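One structure below.
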Amino acid sequence: MFSSTTRSIPEPRRVPRHLAIIMDGNGRWAKQRFLPRVAGHKQGLEAVRRTVGACIERGIEYLTLFAFSSENWRRPPEEVSFLMNLFMAALEREVGKLHQNGVRLRVVGDLAAFEPRLIDLIRRGENLTAENKRLTLTIAANYGGRWDLMQAFNGLVLAYPEKAGSYTEADLEPFLAMSYAPEPDLFIRTGGEQRISNFLLWQLAYCELYFTEQFWPDFDAAALDAAIESYQKRERRFGRTSEQLQAAAGAVSPAPNFSKNA
Ligand code: IPE
Ligand code: IPE
Ligand code: MG
């Protein structure tokens, strides 16, 4: 279990430990090129490959990608089924390479809605890579922040019915889908929209938010570095004053603020 940002303050780091991304703008990328929307999704997979590699190189420990929301079922059935097939093909083709690169794969979301073959591929990929330590790659598929909170509440109530009326944040957290990861430090949304779209609602409490106009299929290492650079300029106060932060940094070391890759 990781400590929560509302109860303890994470140590400052130059590079975010956990990066969460809403990969948006695939459809518009395709439209700009007079291609069908699904061509954007296919190209988006290339950006996923690049981003995983760039995160490993930069020492990011957790990368979480929003691939399909609980509301994306509202899309045309042909697009939904293309996305499911793309997910299956990607798992078939990429899991071996992820494993070779020391990546641990996790998938979070309501998997019950997926066809058995896809669930089987997910479980096999997770099992194969379970012991890997370099990067934890989480794919949020049929995920919704509200779904996550509700399944966690329900799990908690069933496990400790006698505590009803006095549950704490710490009681709930182990039941959340991503209890194996610290909360995200940096959130990126590509595609120009500035909203959360029911992504990690609980876990984004103190996350630094970064929005870029760039469409997801164009996202690359340089775009990632621009986001990290913006992150490095932020002052993460977690409720404290700027003066308190500076005093705390001074007490630890006389060197400039956030100077070491803690
Ligand atoms: C994100 O790109 C991919 C998914 C939601 C699966 P979009 O498909 O939402 O692309 P735009 O926002 O329509 O351009
Ligand atoms: C959010 O993108 C979900 C994913 C990237 C998987 P959407 O394109 O579905 O979000 P909205 O509908 O514009 O808010
Ligand atoms: Mg979109």
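All residue names refer to the structure tokens as shown: chains lettered A, B, ... in order, residues numbered from 1 in each chain, ligands numbered from 1 in order.
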If you count only C-alpha atoms and all ligand atoms, which residues end up within 8 Å of ligand 3, as an mmCIF file with N, CA and C atoms, in the first residue's frame?
data_model
loop_
_atom_site.group_PDB
_atom_site.id
_atom_site.type_symbol
_atom_site.label_atom_id
_atom_site.label_comp_id
_atom_site.auth_asym_id
_atom_site.auth_seq_id
_atom_site.Cartn_x
_atom_site.Cartn_y
_atom_site.Cartn_z
ATOM 1 N N ASP A 24 -6.121 11.443 -26.113
ATOM 2 C CA ASP A 24 -7.289 11.937 -26.856
ATOM 3 C C ASP A 24 -6.865 12.603 -28.162
ATOM 4 N N GLY A 25 -7.779 12.568 -29.128
ATOM 5 C CA GLY A 25 -7.557 13.265 -30.398
ATOM 6 C C GLY A 25 -7.269 12.346 -31.579
ATOM 7 N N ASN A 26 -7.453 11.060 -31.377
ATOM 8 C CA ASN A 26 -7.209 10.119 -32.489
ATOM 9 C C ASN A 26 -8.133 10.386 -33.671
ATOM 10 N N GLY A 27 -9.413 10.604 -33.362
ATOM 11 C CA GLY A 27 -10.404 10.815 -34.426
ATOM 12 C C GLY A 27 -10.105 12.079 -35.217
ATOM 13 N N GLY A 191 -4.998 16.434 -27.208
ATOM 14 C CA GLY A 191 -6.196 16.668 -28.009
ATOM 15 C C GLY A 191 -6.944 17.951 -27.685
#
- [ ] Would you mind listing the residues within 6 Å of ligand 2, counting only C-alpha atoms and all ligand atoms, as a PyMOL selection string?
- [x] chain A and resi 22-24+66-69+72+197
Restrict the selected residues to all heavy atoms and save them as an mmCIF file, in the first residue's frame.
data_model
loop_
_atom_site.group_PDB
_atom_site.id
_atom_site.type_symbol
_atom_site.label_atom_id
_atom_site.label_comp_id
_atom_site.auth_asym_id
_atom_site.auth_seq_id
_atom_site.Cartn_x
_atom_site.Cartn_y
_atom_site.Cartn_z
ATOM 1 N N ILE A 22 -4.595 10.790 -20.608
ATOM 2 C CA ILE A 22 -5.797 10.607 -21.433
ATOM 3 C C ILE A 22 -5.354 10.804 -22.872
ATOM 4 O O ILE A 22 -5.000 11.909 -23.293
ATOM 5 C CB ILE A 22 -6.925 11.593 -21.063
ATOM 6 C CG1 ILE A 22 -7.404 11.332 -19.629
ATOM 7 C CG2 ILE A 22 -8.085 11.443 -22.049
ATOM 8 C CD1 ILE A 22 -8.655 12.126 -19.225
ATOM 9 N N MET A 23 -5.341 9.708 -23.587
ATOM 10 C CA MET A 23 -4.845 9.704 -24.976
ATOM 11 C C MET A 23 -5.999 10.142 -25.880
ATOM 12 O O MET A 23 -6.772 9.327 -26.354
ATOM 13 C CB MET A 23 -4.399 8.284 -25.347
ATOM 14 C CG MET A 23 -3.460 7.640 -24.334
ATOM 15 S SD MET A 23 -2.906 5.997 -24.858
ATOM 16 C CE MET A 23 -4.380 5.010 -24.645
ATOM 17 N N ASP A 24 -6.121 11.443 -26.113
ATOM 18 C CA ASP A 24 -7.289 11.937 -26.856
ATOM 19 C C ASP A 24 -6.865 12.603 -28.162
ATOM 20 O O ASP A 24 -5.763 13.141 -28.266
ATOM 21 C CB ASP A 24 -8.068 12.915 -25.971
ATOM 22 C CG ASP A 24 -9.474 13.159 -26.486
ATOM 23 O OD1 ASP A 24 -9.980 12.333 -27.271
ATOM 24 O OD2 ASP A 24 -10.066 14.190 -26.110
ATOM 25 N N PHE A 66 -5.358 5.850 -20.439
ATOM 26 C CA PHE A 66 -6.815 5.692 -20.567
ATOM 27 C C PHE A 66 -7.086 5.273 -22.013
ATOM 28 O O PHE A 66 -6.924 6.060 -22.947
ATOM 29 C CB PHE A 66 -7.494 7.021 -20.252
ATOM 30 C CG PHE A 66 -8.926 6.907 -19.797
ATOM 31 C CD1 PHE A 66 -9.537 5.673 -19.593
ATOM 32 C CD2 PHE A 66 -9.665 8.060 -19.541
ATOM 33 C CE1 PHE A 66 -10.858 5.588 -19.149
ATOM 34 C CE2 PHE A 66 -10.980 7.994 -19.097
ATOM 35 C CZ PHE A 66 -11.580 6.759 -18.902
ATOM 36 N N ALA A 67 -7.484 4.024 -22.196
ATOM 37 C CA ALA A 67 -7.661 3.481 -23.544
ATOM 38 C C ALA A 67 -9.126 3.432 -23.962
ATOM 39 O O ALA A 67 -9.453 3.570 -25.141
ATOM 40 C CB ALA A 67 -7.066 2.077 -23.623
ATOM 41 N N PHE A 68 -10.022 3.206 -22.990
ATOM 42 C CA PHE A 68 -11.452 3.071 -23.315
ATOM 43 C C PHE A 68 -12.251 3.361 -22.047
ATOM 44 O O PHE A 68 -12.072 2.692 -21.036
ATOM 45 C CB PHE A 68 -11.738 1.646 -23.818
ATOM 46 C CG PHE A 68 -13.081 1.480 -24.455
ATOM 47 C CD1 PHE A 68 -13.265 1.752 -25.802
ATOM 48 C CD2 PHE A 68 -14.172 1.053 -23.713
ATOM 49 C CE1 PHE A 68 -14.519 1.609 -26.399
ATOM 50 C CE2 PHE A 68 -15.428 0.903 -24.294
ATOM 51 C CZ PHE A 68 -15.606 1.177 -25.640
ATOM 52 N N SER A 69 -13.099 4.363 -22.128
ATOM 53 C CA SER A 69 -13.842 4.749 -20.921
ATOM 54 C C SER A 69 -15.156 3.984 -20.841
ATOM 55 O O SER A 69 -15.651 3.449 -21.841
ATOM 56 C CB SER A 69 -14.116 6.256 -20.928
ATOM 57 O OG SER A 69 -15.153 6.566 -21.834
ATOM 58 N N ASN A 72 -17.385 5.179 -23.459
ATOM 59 C CA ASN A 72 -17.047 5.009 -24.881
ATOM 60 C C ASN A 72 -17.911 3.948 -25.582
ATOM 61 O O ASN A 72 -17.916 3.875 -26.812
ATOM 62 C CB ASN A 72 -15.559 4.696 -25.077
ATOM 63 C CG ASN A 72 -14.654 5.900 -24.900
ATOM 64 O OD1 ASN A 72 -13.518 5.795 -24.413
ATOM 65 N ND2 ASN A 72 -15.109 7.074 -25.310
ATOM 66 N N SER A 197 -13.058 13.649 -17.907
ATOM 67 C CA SER A 197 -13.826 12.583 -18.567
ATOM 68 C C SER A 197 -13.897 11.289 -17.747
ATOM 69 O O SER A 197 -13.695 10.197 -18.284
ATOM 70 C CB SER A 197 -13.262 12.310 -19.967
ATOM 71 O OG SER A 197 -13.339 13.453 -20.782
#
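Take the candidates A:Tyr206, A:Phe238, A:Phe87, A:Trp29 and check each one against ligand 1 using only C-alpha atoms and all ligand atoms; the shortest distance goes to A:Trp29.
The environment of Ala30 in chain A within 12 Å, counting only C-alpha atoms and disregarding residues fewer than 3 places along the same chain, consists of Asp24, Gly25, Asn26, Gly27, Arg33, Phe34, Leu35, Pro36, Arg37, Val38, Ala39, Gly40, His41, Lys42, Gln43, Gly44, Phe215, Trp216, Pro217 and Asp218 of chain A.
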Open item on the list: Just checking: using only C-alpha atoms, which residue out of A:Val15, A:Ile9, A:Ala226, A:Leu200 ends up closest to Thr64 in chain A?
Closed with: A:Leu200
Open item on the list: According to DSSP computed on the backbone, where in range 31-242 of chain A is there strand (DSSP E or B)? Give the residues as a PyMOL selection string.
Closed with: chain A and resi 62-69+103-108+135-143+186-189+208-211
- [ ] Find the residues around Val95 in chain A up to 10 Å (only C-alpha atoms counted), leave out those fewer than 5 positions away in its own chain, and share them as a ChimeraX atom specification.
- [x] /A:90,100-101,103-105,121-122,124-126,128-129
Open item on the list: For the structure I just gave you, how does DSSP split range 1-41 of chain A - specifically, which residues are alpha helix (DSSP H)? Reply as a list of chain:residue names.
Closed with: A:Asn26, A:Gly27, A:Arg28, A:Trp29, A:Ala30, A:Lys31, A:Gln32, A:Arg37, A:Val38, A:Ala39, A:Gly40, A:His41
- [ ] Identify, on the basis of only C-alpha atoms, every residue whose closest approach to Thr51 in chain A does not exceed 8 Å; exclude the query and any residue fewer than 5 positions from it along the same chain; express the result as JSON, numbers by chain.
- [x] {"A": [219, 220, 221, 224]}
Hey, what's within 9 Å of Phe114 in chain A if we count only C-alpha atoms and toss same-chain stuff fewer than 5 positions away? As a short mmCIF file (atom, residue, chain, number, x, y, z; two decimals) with N, CA, C and O atoms, in the first residue's frame, please?
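The new file around27.cif reads:
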data_model
loop_
_atom_site.label_atom_id
_atom_site.label_comp_id
_atom_site.auth_asym_id
_atom_site.auth_seq_id
_atom_site.Cartn_x
_atom_site.Cartn_y
_atom_site.Cartn_z
N MET A 84 -11.83 -2.83 -29.78
CA MET A 84 -11.65 -4.12 -29.07
C MET A 84 -10.65 -5.00 -29.83
O MET A 84 -9.77 -5.62 -29.24
N ILE A 119 -10.39 -11.15 -22.31
CA ILE A 119 -10.11 -11.30 -20.87
C ILE A 119 -8.95 -12.27 -20.66
O ILE A 119 -8.05 -12.02 -19.86
N ASN A 142 -12.52 0.04 -20.32
CA ASN A 142 -13.86 0.05 -19.73
C ASN A 142 -13.74 0.53 -18.28
O ASN A 142 -14.30 -0.04 -17.36
#
TODO: May I ask for the distance between CA of Leu156 in chain A and CA of Phe175 in chain A, given in Å to one decimal place?
DONE: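 CA of Leu156 in chain A sits 6.7 Å away from CA of Phe175 in chain A.
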